[in-house]
Amino acid sequence: MTAPMNMDQTQQATVVGYESRPVTKPPNWHGLVTLDMVLNNLSTGLFLVAAVGELLDPVAFGPLAPLVYPLALLFLLGDLACLVLDLGDPKRFHHMLRVWKPSSPMSLGTWVLSAYAVPVTLLAAGSLLPFAIGGVGLDLVRRALLAVGAVLAVAAAAYKGVLFSTTAQRGWEEARWMGGYLINSALGLGAAEMLLLATLSGHEAAMLDPLRLAARLLLGLNLIAIMLLAKDVRGPLSAARGPDGIASLALLAIGAGVILPFVLVGAHGPVGVAVALGSMLVGAVAVRSAIVQMPHRLAEGGRVDERMSGRANPGAASA
Amino acid sequence: MATSELEVTRRPAAADPPRRLPILAERVVAPFRRGTPPEPRPATGFYTDTTVCIGCKACEVACKQWNQLPADGFAWTGNSYDNTGGLSATSWRQVKFIEQFDGDGAGHPDRWLMMSDVCKHCVAAPCQHACPTGAIIYNEFGNVYIQPDICNGCAYCIAACPFGVITRATIDGHAHKCTLCFDRQRDGLVPACAKACPTASIQFGPVDELLERARSRVEELHRRGETDAYLYGDRPGPTYSSLNSFYLLVDRPSVYGLPETPVNPWLHMKGDYLRALVSGLLSLAVLVAALLLGGAHR
Amino acid sequence: MPGLGTSFGRGAATNYQQDLAHSDCILFMGSNMAEAHPVAFRYPMMAKARGATLIHVDPRFSRTSALCDVHVQIRAGSDIAFLGGLINHVLTHDRWFKEYVLHYTNASDIVMEGFRDTEDLDGLFSGYSGDGRTGHYDARHGHWSYAHTPEEAEEDPWTGSTPMYRMHRQELGMHGHALDLGPSAHAGTRQATTACDIEERPRDPTLQDDRCVFQILKRHFARYTPELVSEVCGCTAEEFVRVAELLCANSGPERTTAICYALGWTQHTTGVQMIRAAGILQLLLGNMGRPGGGIMAMRGHSTIQGSTDVSTLYDSLPGYLPQPCADERHERLDTYVEDEGQVTGGWSRFRQYIVSLLKAWYGDAATPANDFGFGWLPRPDADYSQLPYFDRMAKGGVKGYFLFGQNPAGGGPNARLHRAGLRNLDWLVVVDWFEIESAVFWRDDPEGPPASEIKTEVFFLPAASSPEKEGSLTNTQRMLQWHDKALDPAGDSRSDAWYLYHLGKRLKQLYAGSTDPRDQPLLNLTWGYEREHPEQLPDGTPSRITDEPDLEKVLMEINGYCTDEIDPRSGRPRLVSGYDELADDGSTACGCWIYSGVYPEPGRNRARERKLGSNPLQPDWGWAWPANKRVLYNRASAAPDGRPWSERKKLVWWDARAGRWVGDDVPDFDVHRPPDYRPPPGATGTDVIAGDQPFIMKPDGVGWLFAPGTVRDGPLPAHYEPVESPVKNLVYPRQTTNPTVRYFEGPLNRIAHTPTWDFPVVATTYRLTEHYLSGPMSRFNSWLNELQPEMFVELGPELAEEHGIVHGGWVTVETARHRIEARAMVTRRLRPMRIGDRVIHQIGLPFHWAFSGEVVGDNANDLTAIVADPNVSMHEVKAFACRVRAGRRDGAKPKPTLREALWPARSPMPDTPAAAQPEGRFVRGD
Ligand SMILES: Nc1nc2c(c(=O)[nH]1)N[C@H]1C(S)=C(S)[C@@H](COP(=O)(O)OP(=O)(O)OC[C@H]3O[C@@H](n4cnc5c(=O)[nH]c(N)nc54)[C@H](O)[C@@H]3O)O[C@H]1N2
Ligand SMILES: Nc1nc2c(c(=O)[nH]1)N[C@H]1C(S)=C(S)[C@@H](COP(=O)(O)OP(=O)(O)OC[C@H]3O[C@@H](n4cnc5c(=O)[nH]c(N)nc54)[C@H](O)[C@@H]3O)O[C@H]1N2
Ligand code: SF4
Ligand code: SF4
Ligand code: SF4
Ligand code: SF4
Ligand code: SF4
Ligand SMILES: [Mo]
C-alpha cells in the first residue's frame, strides 16, 4: 500500500551531513554595502580627477571646484550613512574610532574615510565661499589639501577591496585584485563625472579632450582589472550564479561598464556623456553587487541544491 | 568530568568603572575608557575527545543556561539528531551527529560519530584581527573574547572566521560567540559546558597540559588499532595557527564540518594592499598622462 | 522485582553504578544507558578507557551502541532466545564457574518427580490451567519444588481460601504504576522450600542426577543453539557467538562481567523471565556479589526505587511486605505471617518487620490485644495496579482520583484509554508543576469530545519543584540522598508532603470523636510531623511558608525507634541502629524495615552525609539499603573457604584471626559466621544459612538457577512471542505467547494477536536524552525543545522505500488501537532482519510528545496496548505490531498550549567588567 508522495514530503527532504554545507557564515552584507561601495568610488574618483586636474591645470579645472567638491562631499556623506546604517547597532558607530588598528582593513578604512572627509569638507567649504580665494599662502594651503586629499582618496577607494579579500568568505578570499579593480573603476567613474560636469557647466572645452582620453584609457585598464578579478573568483562565481547569471553579469560589467561608455564618452553634448556615465555606473553596480552577494548565495545555495536532490541520510542514500 | 578537571585558580574579577556621567554620555564615553590590564595567565582552552562523546547535548544546555542565551526556534532538521543546525550568536555549542553505516564505502565499522563543536579560540584569530572596534580581544587566559558592550555589529569578524563560528544576534545586533566562560574562569570555575560533560569529552585546562593528555590518548588509541584517530588544531600549519580549542577526530575534518586546511586571510593582506597600490598608481599615471597629452596645461 | 528477587533474594540492583568502572566487560541489553542515564554512563566509559569491552544488544543502533565496542541488532521481544542461547553456550562449552556454581547456587538440588519441563510439554510447564493464551500456573500441582519437601508443606496452604485470595496469590507482586522493575523481593507461594530442612534436602554434588537442577537446566536450554538464536532474534550466529565468547572470556576468578538492563527487558509480557535468564547467566558465570559484576537494573525517574521501597504500590507495604488482602487467612496477624513469612532465611524475621510497621503507623493504639491494629490495614479485593485500574475507570467504575506527579494521559500505555478513564471521573485532583495532558485533557485533547460533554471536575494544584522542598531520593543503586530546600516555591505551590499532611490533618479533624470502627484506622494514624522550629532557607532567612511538615521526623519514623525508651540526648524515643534491633512485641516501631539505620542517632541523617574518602565504595556518601551495603551478596566475592577469588577482584573476605568478615564493603552476611559454619539439624531462621551461602535472603541461602515455584510464569525462562508479533514462536511452535498474560480487550484496547498479518512491522518505543518521559518536564522548556522539537519515527531505508516514505517527510503509523503521524527519520540505524523465512522490519518511536506544552505532537502511547504480564502487571510497550504508510493522518492536530517563549532573552547591554580591558593587550601576533 504505497501512498503517493504528498506535498509535505517533497518540501521536507533535508540536508544530511556537514560536507555539503559551506563552513563559513556570510556577514549579511547586502544592498547598503553595494551602495556604499559605489558612493565611495563616486566621491573618491570625482575628487581624485578634479584634484589631479586642478593641480596640473588650475586655470582649466579651478572653475568647476564649487560644483565638484560639494558633490564629492555629498557622495561621501551618503557613503558614511550607508556604513552606519549597515551596522548591527548604529548607535555605536563611534566605537569604530576608539581604536587605531591598521591591521584591520575596516579600522584602517574607517580612519582613512574620516581623514579623507577633512580636506573634502574644507575644499567644499572653501570653494563655496562667496569671495574668490586669493593670496599665495591660501593657494599653497589649497594645493596641500588637494595633494593630501588625493592620497587619502586613493586609500579610501582601495581599502574596501582589501577588506573583502582578507576574509574567509568564498568568492571574496580569492579576489586578489579587488582593491585594484575598485581604485581603477573609481578613477574611471571620476573622469566620466568630471566630463559630464564640464559639458553641463559649458566651461571651456580645453579640458574635454584630455578627460575623454583619460576616461577611455581608464576604461581600458578597467577591462583588464575585471578580467583579473574574474580569473580569481570564477569558481565560486559560477557556483553562485550559474552560466546564465555569468553571461548577464559579463554583459553588464563589460558591455555596459566598458564598451558602451568607451564609445559614448566621445559624444558631444551632455546627453551622450550622461548615458556613458550611466552605463558605467550600471557596470560598476553589477560587479560590486555580484561580489557582495557571492558568499550569501553560496550559503543558501548549499541548501537549495540539497533540497532539489532531496538527499536523505547517508544510510538511505546508499540504500 | 569532575575528577579530571583542572580548576583554574581563583582570581578576583576587575570591578566595573564607576558611572560618573548621565547614561547617554556614559554610552559615548565608556568605550574610550581604559581599565588596568589584568595579569596574563597560562593559556587555557579545550581538548575535545570526540571518541567519548555520547551526544547528550548537556554542554549545549549548560552553555545556554549559564549565558542565558535564548532558544533559537523549534525546527526539526532531519540531520540525524542535530537540530541545532550550526554555531551562532545564540548557540555557542553545537553537537554534531554523523551517521556512517555500511554502504558509504569508507571501510570502517558502522559508527555514529558525535562531536561537540565550539569556537576554536585560535591562537592567531582572524576574527580578532578583523575587529575594527577592538571589541574582540585576547583576554588574560589567551582566550578570544568579544566584549559585548564594545561590539557595534559591523559583522567583519563573521566574514573573517574560517570556521563559521560567529553570527550577529537579531536581539541586540551584536556579534556573540563562546566566551570560554570568561566570567567563570575569573572566579576559578571550569566552563559550564566542560563541567556538564558527563564523559569528559570536553576537557578544559591549561593548553599545554591538555596537549599532553590528548597526545597520549591518541597513542593509546593507535595502540588499540584505532589508527584513524588524530588531533585537529594541536599544532600550527603553514596557513593557520594552532587552536586553543582542539579536537581528537577519527575522520576527515570536513566530515565534521571543519575546514580541511584553514587559511588565515591575513596571509594575503600585504599582497592585496600592494596590488591595490600598484593599480592605483598605474591608473593615476594614466590619468596624469592623459591630461597632459590631452593638452591640459598648455 | 521478582526477576532479581527470585534469583538472589532482593528485588534491587545488586551493585552500584560507580562499580561499573571496575568491570572487564559490560553487557547492555534492554538498556539505552548513554541516553537514559547519561551521567552514570561515565562509569562504563571509565571501564572502557581501562580496556573493558562494552556490548550493546538492542533493536536499534542508539547513542549507547555508538559508544560500545560491539552492537548486535536483535528483534524486539526476542531477548529470552538470545539469553537462552548464552546460557546454552556456557553449559555446552563448559565455561561455567564450577566452584561458584556448586556452592553458591541450587544447581545440585533435586527437583520433584512430577515436574515437567517445556521440553516435555511443547512449551508449557507442568501445573498449567488455561487456554494457552491466558491462564495460570499452580506451582504446587506442577511439582516445581525440591524433592522430598516435608509433608506439611504438601498439604494445600490455600484450603478454605476464597477465590479472591487465590486470585491475589496468583497476582502477588503486581504493582500499580506499571513501570520499572517491580516490587516484591520475595514474590510467590512460599511452600517451595520454607518448611523443609535445608541440610536434609537431597542434593547431587556431582550434578549427574537426571532430576538435579543442573541437568534440567541443560535439557531446557539445549534447543537454544546459535542457529536458533539467529533465526528468532534476526542477528547472525557469528554475532551471537562473539558476544557469548566475550562474556565467558571476561568472567571467572580474575575477571567480572556486569549486565545492565532496563525497560528493554521489563516492558514485556515476558520481562520478569528475561531478568531471570540474566540471573541464571550471571550465576553460572560466577559474577554475582563481586566487584564489577552483578546485574544493574537501571531504574527510572527520580526515586522510583524509593517509591517501590516505601511502597506506593497498592499490593505491598513498606519494605516489600505483601499487602494483606480480603481473605480470612489474612484477617489475623498470625495466619498472615504464617502465609507470607518464612521459617528460614532473611525473611524469617517477617513478624518483627510487620509489627514494627504497625507500631509506627498506629502508635500506642497498636497493642498485642488488637493485633497491633493489623485489622485496620486496607484489604485489596482485586487488582488495583494502574492498568486494570484505568480500565475500570474507563468503564465508569471510579469516582474521584488524586494524581501526584504522573501524567497517564500522555505517558500511560494506551494513553487514549487512560484519557477515556479521566473523562469518566466525577472529580480529579492534579498536583503538578505544569498544566499537563492529564490536567487539560478536557480542553486540549484534539481527539477528545468537546469540553461541554466532559463532566469531570478538575482541580489543579501547583506543586513545589525538587529544589523548593526537602526530602530524600533513592536512586538505582538503593542509595538514599537527602536534599535540602534551596528556596521557597512561588505563590501557592507547596510540597507534595504539605498537601498530604494537611489533607490528613483535616480528615482527622473531620472524623474526630467518631466511634465508628470504620474510622479508627484514620483516627489512630500517627500524624505528628509538625516542625519544632520555623523553617530556614540556606541563606539564613526564614521561609515564607510556616506549615511545611518536618520530613526528618518522617525519616526518623521510617528508620525506627524504641517505643519504651527515651534517648537522653534528644528527649525523644531512642532511634534504632538497624533492623536487627526490631522486635515483634511492640517495643519497636519502624516505618520501613529495609531503611532502618538511615537515621541511627539524633541529628545524624546518614542520607545527608557527603563525605568522600579513600574507600572506593564511598560508604559515607549517602546511605544505601540494606545496612549501607553497596554490593549485595558480597560474601560471594570470596571463595567458599572465605579467601578472595583473586587479588584483583577482592571485596569482602574472612579474617580468621579477627574471626570476622572484613573488606571495603559492609559484609552482606553475618559478620561473625565462619566459612565452615554448618547449621545444626532443625535450625530455623537465619541459622540455617551455612558459612558458604551468600544469598542470605533466600530460604536456602543459595542463588536460584531453578525457581521452585515463585515466579508466576514458570521456574525457568522460556521464549514466547510478544502478544502482538508478526511472527510465530520458532522456539516452541505449539505455544505462541506467554500462557499466563492477562488481557483487557475492548473497543479502546484491541489486540492484534500473534501472529498478525495485518500489522507486519515490529514497533518499539523508547527515550531520547533530550526529553523526559511523556514530556511535561521537557516540553515546557525551550532549551530542550529546540534540541528535539518534533515527534519522529526511526525506520530503515528499505522499509521507507517500500512505502514511498521520504526522509524528513511524513509517515503515519497504525496499530490495532489507533494511528499517529510523525516525521520520518530514515536511517541505517535500523535494518530489516531475516526471521525464519521472512524479512521483518522494525521501527522505533520516541514517546515524549503529546498535546500540551510548548512543542506538541502525536503520542506514541496512543498506539500502545494495555495487557498485563502475570508477575507485575507489566504492559508491552517495547514490542508491538504496526503498519506504516507515507503521508499524514487525517483528523485534528494538536496545537501548542504554551506560546513559544524564546526565554530567557539576553539583555541587549550586558554589563561586563571585561569591557574595561584594553584591547589587544595580549595579542600574540601571527
Ligand atoms: N533522558 C531521559 N532519561 C531518562 C528518562 C527519560 O524519559 N529521558 N526516563 C527515566 C525512566 S522513568 C526510566 S524507566 C529509564 C529507562 O531507561 P531505558 O530503559 O534505558 O530507556 P528506553 O529508551 O525506554 O529503553 C531502552 C532500550 O530498550 C531498547 N529495546 C526496546 N525493545 C527491546 C527489546 O525487546 N529487547 C532489547 N534488548 N532492547 C529493547 C530500546 O531500543 C532502547 O534503546 O530512563 C530514565 N532516564
Ligand atoms: N510507550 C512507552 N510508554 C512509557 C514508557 C516507555 O518506555 N514507552 N516508559 C514508562 C515509564 S518507565 C515511566 S516511569 C512512565 C513515566 O510516566 P509518568 O510517571 O507519567 O512520568 P511523566 O510523564 O514525567 O509525569 C511526571 C509528572 O510529574 C510532575 N512532577 C515532577 N516532579 C514533581 C514533584 O515533585 N511533585 C509533583 N506533584 N509533580 C511532579 C511532572 O511535571 C510530570 O507532569 O512512562 C511509562 N510510559
Ligand atoms: S574560531 Fe573563529 S571565532 Fe573562534 S577564535 Fe577562531 S576565528 Fe575567532
Ligand atoms: S561585529 Fe563586533 S566583534 Fe565583530 S568585528 Fe564588528 S565590532 Fe568586532
Ligand atoms: S565555554 Fe562557556 S561559553 Fe563557551 S561553550 Fe562552554 S559554556 Fe558556552
Ligand atoms: S556533554 Fe559531553 S558527551 Fe554530552 S554531548 Fe556534550 S560533549 Fe558530548
Ligand atoms: S537527569 Fe539527573 S538523574 Fe538523569 S542523568 Fe541527568 S543527572 Fe542523572
Ligand atoms: Mo520509569
# chains A, B, ... in the order shown; residues from 1 in each chain; ligands from 1

call {"tool": "interface_residues", "arguments": {"of": "chain C", "to": "chain A", "cutoff": "7 Å", "atoms": "only C-alpha atoms", "output": "PyMOL selection string"}}
result
chain C and resi 797-798+803-804+806-810+826-828+885-887

call {"tool": "write_last_selection", "arguments": {"atoms": "N, CA and C atoms", "output": "mmCIF file, in the first residue's frame"}}
result
data_model
loop_
_atom_site.group_PDB
_atom_site.id
_atom_site.type_symbol
_atom_site.label_atom_id
_atom_site.label_comp_id
_atom_site.auth_asym_id
_atom_site.auth_seq_id
_atom_site.Cartn_x
_atom_site.Cartn_y
_atom_site.Cartn_z
ATOM 1 N N PRO C 797 15.897 2.429 5.581
ATOM 2 C CA PRO C 797 15.664 2.837 4.200
ATOM 3 C C PRO C 797 14.876 1.818 3.385
ATOM 4 N N GLU C 798 15.080 0.524 3.685
ATOM 5 C CA GLU C 798 14.375 -0.494 2.896
ATOM 6 C C GLU C 798 12.865 -0.353 3.083
ATOM 7 N N HIS C 803 7.424 1.834 0.971
ATOM 8 C CA HIS C 803 6.179 2.579 1.128
ATOM 9 C C HIS C 803 6.280 4.004 0.613
ATOM 10 N N GLY C 804 7.343 4.305 -0.127
ATOM 11 C CA GLY C 804 7.476 5.647 -0.676
ATOM 12 C C GLY C 804 7.615 6.710 0.392
ATOM 13 N N VAL C 806 9.751 9.323 2.485
ATOM 14 C CA VAL C 806 10.972 10.086 2.252
ATOM 15 C C VAL C 806 11.543 10.561 3.574
ATOM 16 N N HIS C 807 12.865 10.513 3.698
ATOM 17 C CA HIS C 807 13.498 11.024 4.903
ATOM 18 C C HIS C 807 13.076 12.471 5.127
ATOM 19 N N GLY C 808 12.569 12.770 6.315
ATOM 20 C CA GLY C 808 12.123 14.124 6.615
ATOM 21 C C GLY C 808 10.666 14.360 6.261
ATOM 22 N N GLY C 809 10.093 13.416 5.545
ATOM 23 C CA GLY C 809 8.682 13.549 5.184
ATOM 24 C C GLY C 809 7.789 13.045 6.307
ATOM 25 N N TRP C 810 6.496 12.958 5.986
ATOM 26 C CA TRP C 810 5.555 12.480 6.995
ATOM 27 C C TRP C 810 5.329 10.993 6.834
ATOM 28 N N VAL C 826 14.613 8.457 8.336
ATOM 29 C CA VAL C 826 15.062 7.268 7.614
ATOM 30 C C VAL C 826 16.543 7.074 7.901
ATOM 31 N N THR C 827 16.875 5.965 8.519
ATOM 32 C CA THR C 827 18.248 5.784 8.957
ATOM 33 C C THR C 827 18.660 4.318 8.936
ATOM 34 N N ARG C 828 19.940 4.133 8.659
ATOM 35 C CA ARG C 828 20.522 2.791 8.656
ATOM 36 C C ARG C 828 20.657 2.234 10.069
ATOM 37 N N ARG C 885 2.595 3.944 6.555
ATOM 38 C CA ARG C 885 2.394 4.444 5.187
ATOM 39 C C ARG C 885 2.895 5.877 5.112
ATOM 40 N N ALA C 886 3.244 6.310 3.898
ATOM 41 C CA ALA C 886 3.698 7.677 3.721
ATOM 42 C C ALA C 886 2.523 8.630 3.897
ATOM 43 N N GLY C 887 2.818 9.840 4.369
ATOM 44 C CA GLY C 887 1.779 10.868 4.446
ATOM 45 C C GLY C 887 1.249 11.060 5.850
#

call {"tool": "residues_around", "arguments": {"residues": "Phe372 of chain C", "least_positions_apart": "4", "cutoff": "12 Å", "atoms": "only C-alpha atoms", "output": "VMD selection string"}}
result
chain C and resid 332 to 334 351 to 352 354 to 368 376 to 377 521 524 584 to 589

call {"tool": "interface_residues", "arguments": {"of": "chain B", "to": "chain A", "cutoff": "7 Å", "atoms": "only C-alpha atoms", "output": "ChimeraX atom specification"}}
result
/B:31-32,77-79,98-101,103-104,129-134,150,152-156,158-164,173-174,254-259,265-266,268-269,272-273,275-276,279-280,283,286-287,290-291,293-297

call {"tool": "residues_near_ligand", "arguments": {"ligand": "ligand 6", "cutoff": "6 Å", "atoms": "only C-alpha atoms and all ligand atoms", "output": "JSON, numbers by chain"}}
result
{"B": [53, 54, 55, 56, 57, 58, 59, 95, 116, 196, 197, 198, 199, 201, 202]}

call {"tool": "residues_near_ligand", "arguments": {"ligand": "ligand 7", "cutoff": "8 Å", "atoms": "only C-alpha atoms and all ligand atoms", "output": "compact mmCIF listing (two decimals) with N, CA, C and O atoms, in the first residue's frame"}}
result
# COMPACT_ATOMS: atom_id res chain seq x y z
N ALA C 36 19.59 7.36 28.51
CA ALA C 36 18.65 7.43 29.63
C ALA C 36 19.36 7.66 30.96
O ALA C 36 18.76 8.15 31.89
N HIS C 37 20.61 7.30 31.04
CA HIS C 37 21.38 7.55 32.26
C HIS C 37 22.74 8.12 31.89
O HIS C 37 23.79 7.55 32.21
N PRO C 38 22.72 9.26 31.20
CA PRO C 38 23.96 9.79 30.63
C PRO C 38 25.04 10.06 31.68
O PRO C 38 26.21 9.82 31.42
N VAL C 39 24.62 10.51 32.85
CA VAL C 39 25.63 10.86 33.84
C VAL C 39 26.28 9.60 34.41
O VAL C 39 27.49 9.50 34.53
N ALA C 40 25.45 8.59 34.68
CA ALA C 40 26.01 7.34 35.19
C ALA C 40 26.86 6.66 34.13
O ALA C 40 27.77 5.90 34.45
N HIS C 301 12.62 7.19 36.80
CA HIS C 301 12.66 8.58 37.21
C HIS C 301 12.92 8.69 38.70
O HIS C 301 12.80 7.75 39.47
N SER C 302 13.29 9.91 39.01
CA SER C 302 13.71 10.28 40.34
C SER C 302 13.02 9.45 41.42
O SER C 302 11.81 9.45 41.54

call {"tool": "closest_atom_pairs", "arguments": {"of": "chain C", "to": "ligand 2", "cutoff": "6 Å", "atoms": "only C-alpha atoms and all ligand atoms", "output": "JSON lines"}}
result
{"residue": "C:Leu179", "atom": "CA", "partner": "ligand 2", "partner_atom_place_in_ligand_line": "12 (S)", "distance": 4.8}
{"residue": "C:Asp180", "atom": "CA", "partner": "ligand 2", "partner_atom_place_in_ligand_line": "12 (S)", "distance": 5.1}
{"residue": "C:Gly300", "atom": "CA", "partner": "ligand 2", "partner_atom_place_in_ligand_line": "14 (S)", "distance": 5.5}
{"residue": "C:His301", "atom": "CA", "partner": "ligand 2", "partner_atom_place_in_ligand_line": "14 (S)", "distance": 5.7}
{"residue": "C:Phe404", "atom": "CA", "partner": "ligand 2", "partner_atom_place_in_ligand_line": "38 (N)", "distance": 4.4}
{"residue": "C:Gly405", "atom": "CA", "partner": "ligand 2", "partner_atom_place_in_ligand_line": "28 (O)", "distance": 3.0}
{"residue": "C:Gln406", "atom": "CA", "partner": "ligand 2", "partner_atom_place_in_ligand_line": "20 (O)", "distance": 3.8}
{"residue": "C:Asn407", "atom": "CA", "partner": "ligand 2", "partner_atom_place_in_ligand_line": "20 (O)", "distance": 3.5}
{"residue": "C:Pro408", "atom": "CA", "partner": "ligand 2", "partner_atom_place_in_ligand_line": "20 (O)", "distance": 5.0}
{"residue": "C:Gly411", "atom": "CA", "partner": "ligand 2", "partner_atom_place_in_ligand_line": "47 (N)", "distance": 4.4}
{"residue": "C:Gly412", "atom": "CA", "partner": "ligand 2", "partner_atom_place_in_ligand_line": "47 (N)", "distance": 5.0}
{"residue": "C:Pro413", "atom": "CA", "partner": "ligand 2", "partner_atom_place_in_ligand_line": "3 (N)", "distance": 5.4}
{"residue": "C:Val431", "atom": "CA", "partner": "ligand 2", "partner_atom_place_in_ligand_line": "38 (N)", "distance": 4.5}
{"residue": "C:Asp432", "atom": "CA", "partner": "ligand 2", "partner_atom_place_in_ligand_line": "39 (N)", "distance": 4.1}
{"residue": "C:Trp433", "atom": "CA", "partner": "ligand 2", "partner_atom_place_in_ligand_line": "42 (O)", "distance": 4.6}
{"residue": "C:Phe434", "atom": "CA", "partner": "ligand 2", "partner_atom_place_in_ligand_line": "42 (O)", "distance": 5.4}
{"residue": "C:Ile436", "atom": "CA", "partner": "ligand 2", "partner_atom_place_in_ligand_line": "44 (O)", "distance": 5.7}
{"residue": "C:Ala463", "atom": "CA", "partner": "ligand 2", "partner_atom_place_in_ligand_line": "38 (N)", "distance": 4.8}
{"residue": "C:Ser465", "atom": "CA", "partner": "ligand 2", "partner_atom_place_in_ligand_line": "35 (O)", "distance": 4.9}
{"residue": "C:Ser466", "atom": "CA", "partner": "ligand 2", "partner_atom_place_in_ligand_line": "35 (O)", "distance": 5.3}
{"residue": "C:Asp496", "atom": "CA", "partner": "ligand 2", "partner_atom_place_in_ligand_line": "38 (N)", "distance": 5.6}
{"residue": "C:Thr765", "atom": "CA", "partner": "ligand 2", "partner_atom_place_in_ligand_line": "8 (N)", "distance": 4.9}
{"residue": "C:Tyr766", "atom": "CA", "partner": "ligand 2", "partner_atom_place_in_ligand_line": "7 (O)", "distance": 4.9}
{"residue": "C:Tyr772", "atom": "CA", "partner": "ligand 2", "partner_atom_place_in_ligand_line": "24 (O)", "distance": 5.9}
{"residue": "C:Leu773", "atom": "CA", "partner": "ligand 2", "partner_atom_place_in_ligand_line": "24 (O)", "distance": 4.6}
{"residue": "C:Ser774", "atom": "CA", "partner": "ligand 2", "partner_atom_place_in_ligand_line": "23 (O)", "distance": 3.8}
{"residue": "C:Gly775", "atom": "CA", "partner": "ligand 2", "partner_atom_place_in_ligand_line": "23 (O)", "distance": 5.7}
{"residue": "C:Pro776", "atom": "CA", "partner": "ligand 2", "partner_atom_place_in_ligand_line": "44 (O)", "distance": 4.7}
{"residue": "C:Met777", "atom": "CA", "partner": "ligand 2", "partner_atom_place_in_ligand_line": "42 (O)", "distance": 5.2}
{"residue": "C:Phe847", "atom": "CA", "partner": "ligand 2", "partner_atom_place_in_ligand_line": "1 (N)", "distance": 5.3}
{"residue": "C:Ala860", "atom": "CA", "partner": "ligand 2", "partner_atom_place_in_ligand_line": "1 (N)", "distance": 6.0}
{"residue": "C:Asn861", "atom": "CA", "partner": "ligand 2", "partner_atom_place_in_ligand_line": "1 (N)", "distance": 4.9}
{"residue": "C:Val877", "atom": "CA", "partner": "ligand 2", "partner_atom_place_in_ligand_line": "1 (N)", "distance": 4.9}

call {"tool": "residues_around", "arguments": {"residues": "segment 69-81 of chain C", "least_positions_apart": "6", "cutoff": "7 Å", "atoms": "only C-alpha atoms", "output": "compact mmCIF listing (two decimals) with N, CA, C and O atoms, in the first residue's frame"}}
result
# COMPACT_ATOMS: atom_id res chain seq x y z
N THR C 53 35.47 -4.27 27.58
CA THR C 53 34.69 -4.38 26.35
C THR C 53 33.24 -4.08 26.65
O THR C 53 32.66 -4.66 27.57
N LEU C 54 32.65 -3.15 25.89
CA LEU C 54 31.24 -2.81 26.09
C LEU C 54 30.41 -3.41 24.95
O LEU C 54 30.77 -3.28 23.78
N ILE C 55 29.32 -4.06 25.31
CA ILE C 55 28.46 -4.73 24.32
C ILE C 55 27.04 -4.19 24.43
O ILE C 55 26.52 -4.06 25.55
N HIS C 56 26.43 -3.84 23.32
CA HIS C 56 25.05 -3.40 23.33
C HIS C 56 24.21 -4.31 22.44
O HIS C 56 24.51 -4.46 21.26
N VAL C 57 23.22 -4.95 23.03
CA VAL C 57 22.30 -5.80 22.26
C VAL C 57 20.96 -5.10 22.27
O VAL C 57 20.33 -4.97 23.33
N ASP C 58 20.54 -4.60 21.14
CA ASP C 58 19.39 -3.70 21.09
C ASP C 58 18.78 -3.72 19.69
O ASP C 58 19.49 -3.92 18.71
N PRO C 59 17.48 -3.49 19.60
CA PRO C 59 16.86 -3.46 18.27
C PRO C 59 17.35 -2.31 17.40
O PRO C 59 17.22 -2.36 16.18
N ARG C 60 17.88 -1.27 18.04
CA ARG C 60 18.32 -0.11 17.28
C ARG C 60 19.79 0.13 17.54
O ARG C 60 20.33 -0.30 18.54
N TYR C 224 18.38 -23.94 22.49
CA TYR C 224 18.73 -22.54 22.17
C TYR C 224 20.12 -22.48 21.53
O TYR C 224 21.07 -21.94 22.09
N VAL C 229 18.99 -19.04 17.74
CA VAL C 229 19.08 -17.65 18.18
C VAL C 229 19.03 -16.73 16.96
O VAL C 229 18.25 -15.78 16.89
N VAL C 232 15.53 -16.57 15.45
CA VAL C 232 14.50 -15.89 16.25
C VAL C 232 14.81 -14.41 16.42
O VAL C 232 13.94 -13.56 16.30
N CYS C 233 16.09 -14.12 16.66
CA CYS C 233 16.47 -12.74 17.00
C CYS C 233 16.80 -11.91 15.76
O CYS C 233 16.76 -10.67 15.82
N GLY C 234 17.18 -12.56 14.68
CA GLY C 234 17.49 -11.82 13.48
C GLY C 234 18.92 -11.32 13.40
O GLY C 234 19.28 -10.59 12.48
N CYS C 235 19.74 -11.74 14.35
CA CYS C 235 21.17 -11.44 14.24
C CYS C 235 21.84 -12.65 13.59
O CYS C 235 21.22 -13.68 13.40
N GLU C 239 27.63 -13.19 15.17
CA GLU C 239 27.49 -12.08 16.12
C GLU C 239 27.19 -12.63 17.51
O GLU C 239 27.79 -12.24 18.51
N MET C 274 13.00 -12.54 31.35
CA MET C 274 14.25 -12.05 30.75
C MET C 274 15.25 -11.79 31.86
O MET C 274 16.42 -12.17 31.79
N ALA C 277 16.55 -14.93 33.30
CA ALA C 277 17.58 -15.52 32.42
C ALA C 277 18.93 -14.86 32.68
O ALA C 277 19.96 -15.54 32.79
N PRO C 717 13.09 -19.56 32.43
CA PRO C 717 12.67 -18.70 31.31
C PRO C 717 12.48 -19.52 30.04
O PRO C 717 13.24 -20.46 29.78
N ALA C 718 11.44 -19.19 29.31
CA ALA C 718 11.21 -19.81 28.00
C ALA C 718 10.79 -18.72 27.04
O ALA C 718 10.06 -17.80 27.42
N HIS C 719 11.25 -18.80 25.80
CA HIS C 719 10.92 -17.73 24.86
C HIS C 719 9.48 -17.84 24.37
O HIS C 719 9.06 -18.88 23.85
N GLU C 721 6.59 -15.28 22.11
CA GLU C 721 6.49 -14.06 21.33
C GLU C 721 5.71 -13.01 22.12
O GLU C 721 4.90 -13.36 22.98
N PRO C 722 5.95 -11.72 21.82
CA PRO C 722 5.10 -10.68 22.38
C PRO C 722 3.64 -10.94 22.00
O PRO C 722 3.38 -11.64 21.01
N THR C 764 8.81 -0.49 18.47
CA THR C 764 9.22 -0.36 19.85
C THR C 764 9.28 1.12 20.21
O THR C 764 9.33 1.97 19.32
N LYS C 878 7.30 -2.16 24.62
CA LYS C 878 8.60 -2.29 23.98
C LYS C 878 8.55 -3.19 22.74
O LYS C 878 9.54 -3.31 22.02
N ALA C 879 7.41 -3.82 22.50
CA ALA C 879 7.30 -4.64 21.30
C ALA C 879 5.83 -4.82 20.95
O ALA C 879 5.10 -5.45 21.70

call {"tool": "select_by_dssp", "arguments": {"residues": "segment 454-655 of chain C", "states": "strand (DSSP E)", "output": "NGL selection string"}}
result
:C and (457-462 or 471-474 or 479-483 or 561-567 or 572-575 or 588-589 or 623-624 or 652-655)

call {"tool": "residues_near_ligand", "arguments": {"ligand": "ligand 5", "cutoff": "7 Å", "atoms": "only C-alpha atoms and all ligand atoms", "output": "NGL selection string"}}
result
:B and (59 or 62-64 or 66-67 or 92-93 or 118 or 178-181 or 191-194)
